[in-house]
>>> print(open('start_2.cif').read())   # mmCIF, C-alpha atoms, pLDDT in the B column; chains and numbers go by the auth columns
data_data
loop_
_atom_site.group_PDB
_atom_site.id
_atom_site.type_symbol
_atom_site.label_atom_id
_atom_site.label_comp_id
_atom_site.label_asym_id
_atom_site.label_seq_id
_atom_site.Cartn_x
_atom_site.Cartn_y
_atom_site.Cartn_z
_atom_site.B_iso_or_equiv
_atom_site.auth_seq_id
_atom_site.auth_asym_id
ATOM 1 C CA MET A 1 -275.975 -139.281 -160.665 93.00 1 A
ATOM 2 C CA ASN A 2 -272.708 -138.594 -158.832 95.00 2 A
ATOM 3 C CA ASN A 3 -269.121 -139.641 -159.393 97.00 3 A
ATOM 4 C CA TYR A 4 -267.677 -141.782 -156.600 98.00 4 A
ATOM 5 C CA ASP A 5 -263.952 -142.290 -156.005 97.00 5 A
ATOM 6 C CA PHE A 6 -263.013 -145.551 -154.250 98.00 6 A
ATOM 7 C CA THR A 7 -260.469 -148.359 -154.319 98.00 7 A
ATOM 8 C CA LEU A 8 -260.969 -152.098 -154.631 98.00 8 A
ATOM 9 C CA LYS A 9 -258.212 -154.579 -153.782 97.00 9 A
ATOM 10 C CA PHE A 10 -258.217 -158.164 -155.024 97.00 10 A
ATOM 11 C CA VAL A 11 -256.094 -161.299 -154.979 96.00 11 A
ATOM 12 C CA VAL A 12 -255.604 -162.802 -158.431 95.00 12 A
ATOM 13 C CA SER A 13 -253.551 -165.660 -159.798 91.00 13 A
ATOM 14 C CA ALA A 14 -249.880 -164.732 -159.900 87.00 14 A
ATOM 15 C CA THR A 15 -249.627 -166.575 -163.227 89.00 15 A
ATOM 16 C CA ILE A 16 -251.813 -164.031 -165.065 89.00 16 A
ATOM 17 C CA SER A 17 -249.748 -161.321 -166.735 89.00 17 A
ATOM 18 C CA SER A 18 -250.434 -157.668 -166.053 90.00 18 A
ATOM 19 C CA ASP A 19 -251.277 -157.213 -169.762 91.00 19 A
ATOM 20 C CA GLU A 20 -253.920 -159.966 -169.552 93.00 20 A
ATOM 21 C CA ILE A 21 -255.383 -158.374 -166.429 93.00 21 A
ATOM 22 C CA THR A 22 -255.482 -154.936 -168.022 92.00 22 A
ATOM 23 C CA ASP A 23 -257.015 -156.220 -171.267 93.00 23 A
ATOM 24 C CA SER A 24 -259.691 -158.186 -169.400 94.00 24 A
ATOM 25 C CA LEU A 25 -260.623 -155.272 -167.152 95.00 25 A
ATOM 26 C CA TYR A 26 -260.732 -152.620 -169.864 91.00 26 A
ATOM 27 C CA GLY A 27 -262.765 -154.969 -172.052 89.00 27 A
ATOM 28 C CA GLY A 28 -265.155 -155.661 -169.180 85.00 28 A
ATOM 29 C CA ALA A 29 -266.591 -152.266 -168.202 91.00 29 A
ATOM 30 C CA CYS A 30 -263.722 -151.289 -165.894 95.00 30 A
ATOM 31 C CA ASP A 31 -262.351 -148.521 -168.101 93.00 31 A
ATOM 32 C CA ASP A 32 -263.197 -146.035 -165.329 96.00 32 A
ATOM 33 C CA ALA A 33 -260.437 -147.440 -163.099 97.00 33 A
ATOM 34 C CA ILE A 34 -256.731 -146.880 -162.697 96.00 34 A
ATOM 35 C CA ILE A 35 -255.214 -150.347 -162.477 95.00 35 A
ATOM 36 C CA GLY A 36 -252.337 -151.207 -160.157 94.00 36 A
ATOM 37 C CA VAL A 37 -250.605 -154.558 -160.687 87.00 37 A
ATOM 38 C CA GLY A 38 -247.205 -153.905 -159.115 83.00 38 A
ATOM 39 C CA VAL A 39 -247.222 -156.990 -156.881 88.00 39 A
ATOM 40 C CA PRO A 40 -247.774 -160.398 -158.509 89.00 40 A
ATOM 41 C CA GLY A 41 -251.042 -161.907 -157.341 92.00 41 A
ATOM 42 C CA ARG A 42 -252.438 -158.575 -156.132 95.00 42 A
ATOM 43 C CA LEU A 43 -254.644 -156.094 -157.941 96.00 43 A
ATOM 44 C CA ALA A 44 -255.666 -152.600 -156.850 97.00 44 A
ATOM 45 C CA LEU A 45 -258.204 -150.558 -158.788 98.00 45 A
ATOM 46 C CA ASN A 46 -258.954 -146.913 -158.124 98.00 46 A
ATOM 47 C CA PHE A 47 -262.397 -146.241 -159.596 98.00 47 A
ATOM 48 C CA MET A 48 -264.119 -142.992 -160.450 97.00 48 A
ATOM 49 C CA ARG A 49 -267.585 -144.384 -161.149 97.00 49 A
ATOM 50 C CA GLU A 50 -270.844 -142.622 -161.866 97.00 50 A
ATOM 51 C CA ALA A 51 -273.899 -144.038 -160.102 97.00 51 A
ATOM 52 C CA ALA A 52 -276.984 -143.101 -158.116 97.00 52 A
ATOM 53 C CA SER A 53 -275.240 -143.983 -154.821 98.00 53 A
ATOM 54 C CA ALA A 54 -271.809 -144.909 -153.513 98.00 54 A
ATOM 55 C CA LYS A 55 -273.047 -148.378 -152.591 98.00 55 A
ATOM 56 C CA GLU A 56 -274.354 -148.921 -156.133 98.00 56 A
ATOM 57 C CA ALA A 57 -271.065 -147.676 -157.634 98.00 57 A
ATOM 58 C CA ILE A 58 -268.966 -149.994 -155.464 98.00 58 A
ATOM 59 C CA LYS A 59 -271.180 -153.041 -155.972 98.00 59 A
ATOM 60 C CA SER A 60 -271.292 -152.556 -159.745 98.00 60 A
ATOM 61 C CA ALA A 61 -267.502 -152.187 -159.864 98.00 61 A
ATOM 62 C CA ILE A 62 -267.000 -155.394 -157.849 97.00 62 A
ATOM 63 C CA SER A 63 -269.398 -157.213 -160.185 97.00 63 A
ATOM 64 C CA ASP A 64 -267.623 -155.887 -163.277 97.00 64 A
ATOM 65 C CA VAL A 65 -264.200 -156.957 -161.959 97.00 65 A
ATOM 66 C CA GLN A 66 -265.444 -160.425 -161.071 95.00 66 A
ATOM 67 C CA LYS A 67 -267.053 -160.828 -164.516 96.00 67 A
ATOM 68 C CA SER A 68 -263.782 -159.776 -166.162 95.00 68 A
ATOM 69 C CA LEU A 69 -261.565 -161.835 -163.836 95.00 69 A
ATOM 70 C CA PRO A 70 -263.705 -164.649 -162.374 94.00 70 A
ATOM 71 C CA GLN A 71 -260.829 -165.892 -160.187 93.00 71 A
ATOM 72 C CA ALA A 72 -260.389 -162.469 -158.509 95.00 72 A
ATOM 73 C CA VAL A 73 -261.107 -162.525 -154.773 95.00 73 A
ATOM 74 C CA LEU A 74 -262.085 -159.260 -153.112 97.00 74 A
ATOM 75 C CA VAL A 75 -259.850 -158.327 -150.184 96.00 75 A
ATOM 76 C CA GLU A 76 -260.834 -154.781 -149.287 96.00 76 A
ATOM 77 C CA ILE A 77 -262.887 -151.744 -150.283 98.00 77 A
ATOM 78 C CA GLY A 78 -261.435 -148.343 -149.555 97.00 78 A
ATOM 79 C CA PRO A 79 -261.290 -145.826 -148.213 97.00 79 A
ATOM 80 C CA ASP A 80 -262.175 -147.497 -144.932 97.00 80 A
ATOM 81 C CA LEU A 81 -259.520 -148.366 -142.353 97.00 81 A
ATOM 82 C CA VAL A 82 -257.045 -145.527 -141.882 97.00 82 A
ATOM 83 C CA GLY A 83 -254.268 -144.512 -139.535 96.00 83 A
ATOM 84 C CA LEU A 84 -253.878 -140.909 -138.425 95.00 84 A
ATOM 85 C CA SER A 85 -251.593 -140.083 -141.367 95.00 85 A
ATOM 86 C CA ASP A 86 -254.111 -141.282 -143.960 95.00 86 A
ATOM 87 C CA ALA A 87 -256.976 -139.654 -142.065 96.00 87 A
ATOM 88 C CA GLY A 88 -255.031 -136.407 -141.951 95.00 88 A
ATOM 89 C CA GLU A 89 -254.536 -136.542 -145.694 94.00 89 A
ATOM 90 C CA GLN A 90 -258.280 -137.067 -146.232 93.00 90 A
ATOM 91 C CA LEU A 91 -259.201 -134.305 -143.753 95.00 91 A
ATOM 92 C CA LYS A 92 -256.408 -131.976 -144.927 94.00 92 A
ATOM 93 C CA MET A 93 -254.932 -131.883 -141.416 94.00 93 A
ATOM 94 C CA SER A 94 -251.612 -133.009 -140.043 96.00 94 A
ATOM 95 C CA ARG A 95 -251.180 -136.309 -138.248 95.00 95 A
ATOM 96 C CA GLN A 96 -249.828 -134.315 -135.302 96.00 96 A
ATOM 97 C CA TYR A 97 -252.987 -132.212 -135.119 96.00 97 A
ATOM 98 C CA LEU A 98 -255.183 -135.319 -135.210 96.00 98 A
ATOM 99 C CA ARG A 99 -253.114 -136.885 -132.441 95.00 99 A
ATOM 100 C CA LYS A 100 -253.469 -133.703 -130.382 96.00 100 A
ATOM 101 C CA VAL A 101 -257.263 -133.679 -130.858 96.00 101 A
ATOM 102 C CA ARG A 102 -257.467 -137.385 -130.005 96.00 102 A
ATOM 103 C CA ASP A 103 -255.408 -136.961 -126.832 95.00 103 A
ATOM 104 C CA LYS A 104 -257.280 -133.832 -125.734 95.00 104 A
ATOM 105 C CA GLU A 105 -260.783 -135.184 -126.439 94.00 105 A
ATOM 106 C CA LEU A 106 -260.313 -138.844 -125.609 91.00 106 A
ATOM 107 C CA ALA A 107 -263.879 -139.267 -124.298 92.00 107 A
ATOM 108 C CA LYS A 108 -265.451 -137.965 -127.534 94.00 108 A
ATOM 109 C CA PHE A 109 -262.915 -139.059 -130.147 96.00 109 A
ATOM 110 C CA PRO A 110 -263.960 -142.175 -132.114 97.00 110 A
ATOM 111 C CA LEU A 111 -262.555 -145.429 -130.813 96.00 111 A
ATOM 112 C CA PRO A 112 -260.115 -147.149 -133.138 96.00 112 A
ATOM 113 C CA MET A 113 -261.092 -150.370 -134.869 95.00 113 A
ATOM 114 C CA HIS A 114 -257.631 -151.649 -133.991 96.00 114 A
ATOM 115 C CA GLU A 115 -255.506 -150.147 -131.256 94.00 115 A
ATOM 116 C CA GLY A 116 -251.815 -150.702 -131.718 92.00 116 A
ATOM 117 C CA ASN A 117 -248.949 -149.428 -133.767 92.00 117 A
ATOM 118 C CA PRO A 118 -250.515 -148.068 -135.877 92.00 118 A
ATOM 119 C CA SER A 119 -254.030 -147.716 -134.549 95.00 119 A
ATOM 120 C CA LEU A 120 -256.702 -147.897 -137.248 97.00 120 A
ATOM 121 C CA TRP A 121 -260.061 -146.151 -137.470 98.00 121 A
ATOM 122 C CA HIS A 122 -262.966 -146.416 -139.842 98.00 122 A
ATOM 123 C CA LEU A 123 -262.603 -143.269 -141.953 98.00 123 A
ATOM 124 C CA TYR A 124 -266.360 -142.737 -141.811 98.00 124 A
ATOM 125 C CA HIS A 125 -266.293 -142.385 -138.012 97.00 125 A
ATOM 126 C CA LEU A 126 -263.489 -139.817 -138.182 97.00 126 A
ATOM 127 C CA LEU A 127 -265.233 -137.826 -140.918 97.00 127 A
ATOM 128 C CA GLU A 128 -268.458 -137.878 -138.927 97.00 128 A
ATOM 129 C CA TYR A 129 -266.645 -136.753 -135.760 97.00 129 A
ATOM 130 C CA PHE A 130 -264.922 -133.806 -137.443 96.00 130 A
ATOM 131 C CA LYS A 131 -268.111 -132.808 -139.229 96.00 131 A
ATOM 132 C CA GLN A 132 -270.222 -132.889 -136.045 94.00 132 A
ATOM 133 C CA GLU A 133 -267.781 -131.913 -133.302 92.00 133 A
ATOM 134 C CA LYS A 134 -265.408 -129.589 -135.155 88.00 134 A
ATOM 135 C CA ARG A 135 -267.847 -128.259 -137.770 92.00 135 A
ATOM 136 C CA LYS A 136 -265.383 -129.204 -140.505 92.00 136 A
ATOM 137 C CA ALA A 137 -266.819 -128.986 -144.003 94.00 137 A
ATOM 138 C CA ILE A 138 -266.775 -132.516 -145.402 95.00 138 A
ATOM 139 C CA SER A 139 -268.451 -133.375 -148.673 95.00 139 A
ATOM 140 C CA GLU A 140 -271.497 -135.604 -148.564 96.00 140 A
ATOM 141 C CA ASN A 141 -269.920 -137.597 -151.383 96.00 141 A
ATOM 142 C CA ASP A 142 -266.842 -138.388 -149.230 96.00 142 A
ATOM 143 C CA MET A 143 -269.090 -139.295 -146.289 97.00 143 A
ATOM 144 C CA GLU A 144 -271.221 -141.569 -148.477 98.00 144 A
ATOM 145 C CA VAL A 145 -268.221 -143.392 -149.982 98.00 145 A
ATOM 146 C CA ALA A 146 -266.562 -143.920 -146.579 98.00 146 A
ATOM 147 C CA LYS A 147 -269.799 -145.238 -145.056 98.00 147 A
ATOM 148 C CA ALA A 148 -270.530 -147.537 -148.003 98.00 148 A
ATOM 149 C CA ALA A 149 -266.949 -148.895 -147.949 98.00 149 A
ATOM 150 C CA MET A 150 -267.165 -149.566 -144.200 98.00 150 A
ATOM 151 C CA LEU A 151 -270.545 -151.342 -144.424 97.00 151 A
ATOM 152 C CA LEU A 152 -269.667 -153.357 -147.533 97.00 152 A
ATOM 153 C CA ASN A 153 -266.339 -154.440 -145.998 97.00 153 A
ATOM 154 C CA TYR A 154 -268.270 -155.595 -142.940 95.00 154 A
ATOM 155 C CA GLU A 155 -270.730 -157.569 -145.101 94.00 155 A
ATOM 156 C CA HIS A 156 -267.862 -159.083 -147.076 92.00 156 A
ATOM 157 C CA GLN A 157 -265.946 -160.106 -143.946 90.00 157 A
ATOM 158 C CA LYS A 158 -269.042 -161.840 -142.532 89.00 158 A
ATOM 159 C CA GLN A 159 -269.243 -163.983 -145.674 86.00 159 A
ATOM 160 C CA ARG A 160 -265.604 -165.039 -145.670 78.00 160 A
ATOM 161 C CA VAL A 161 -264.869 -168.583 -144.598 69.00 161 A
ATOM 162 C CA TYR A 162 -261.491 -169.160 -142.979 65.00 162 A
#
>>> encode(input="start_2.cif", output="structure tokens")
Amino acid sequence: MNNYDFTLKFVVSATISSDEITDSLYGGACDDAIIGVGVPGRLALNFMREAASAKEAIKSAISDVQKSLPQAVLVEIGPDLVGLSDAGEQLKMSRQYLRKVRDKELAKFPLPMHEGNPSLWHLYHLLEYFKQEKRKAISENDMEVAKAAMLLNYEHQKQRVY
């Protein structure tokens, strides 16, 4: 069993108080999360969950949140989409260095998921690139969480009806 660190973001009813949200979550097997309720109608949970795999940890956390707050709607699993600043923080590199590598190795550097201001990449692709191409030591745990978040976000987006 490993500990996996990830974030889940939900939309909840703006009429539910932060105390009610906290009580429901802590009473419903989410006591391994730091709860953020700073914006009415939004909920962010940073989990440190023990499980056999990152995918199992994330799925069990989503299930526990939805049992505790049935009206909660999953928005995003993180870490997944990142700009160069967030990627630099994860990789312990500066945004400027990442930009330099991207510009110098444009043919090899992972393509962004969204190109614009800011451009966004799947963290997993950046971790994989730096591990393979730059021989950067990246923990298997971080790789597993980033990959699981990316794949589960993709599955979730396919199921959404607009």
>>> atom_distance(input="start_2.cif", atom1="CA of Leu106 (chain A)", atom2="CA of Glu89 (chain A)")
21.0 Å
>>> atom_distance(input="start_2.cif", atom1="CA of Met93 (chain A)", atom2="CA of Asn3 (chain A)")
24.2 Å
>>> resolve_selection(input="start_2.cif", expression="the PyMOL selection byres ((chain A and resi 29) around 10)", output="list of chain:residue names")
A:Ser24, A:Leu25, A:Tyr26, A:Gly27, A:Gly28, A:Cys30, A:Asp31, A:Asp32, A:Ala33, A:Ser60, A:Ala61, A:Ser63, A:Asp64, A:Val65, A:Lys67, A:Ser68
>>> atom_distance(input="start_2.cif", atom1="CA of Phe47 (chain A)", atom2="CA of Ile77 (chain A)")
10.8 Å
>>> closest_residue(input="start_2.cif", among="A:Thr7, A:Ser53, A:Asn141, A:Thr15", to="Gly36 (chain A)", atoms="all atoms listed in the file")
A:Thr7
>>> residues_around(input="start_2.cif", residues="Ala51 (chain A)", least_positions_apart="6", cutoff="7 Å", atoms="all atoms listed in the file", output="tab-separated table (two decimals) with C-alpha atoms, keeping the file's coordinate frame")
chain	number	residue	atom	x	y	z
A	1	MET	CA	-275.98	-139.28	-160.66
A	2	ASN	CA	-272.71	-138.59	-158.83
A	3	ASN	CA	-269.12	-139.64	-159.39
A	57	ALA	CA	-271.06	-147.68	-157.63
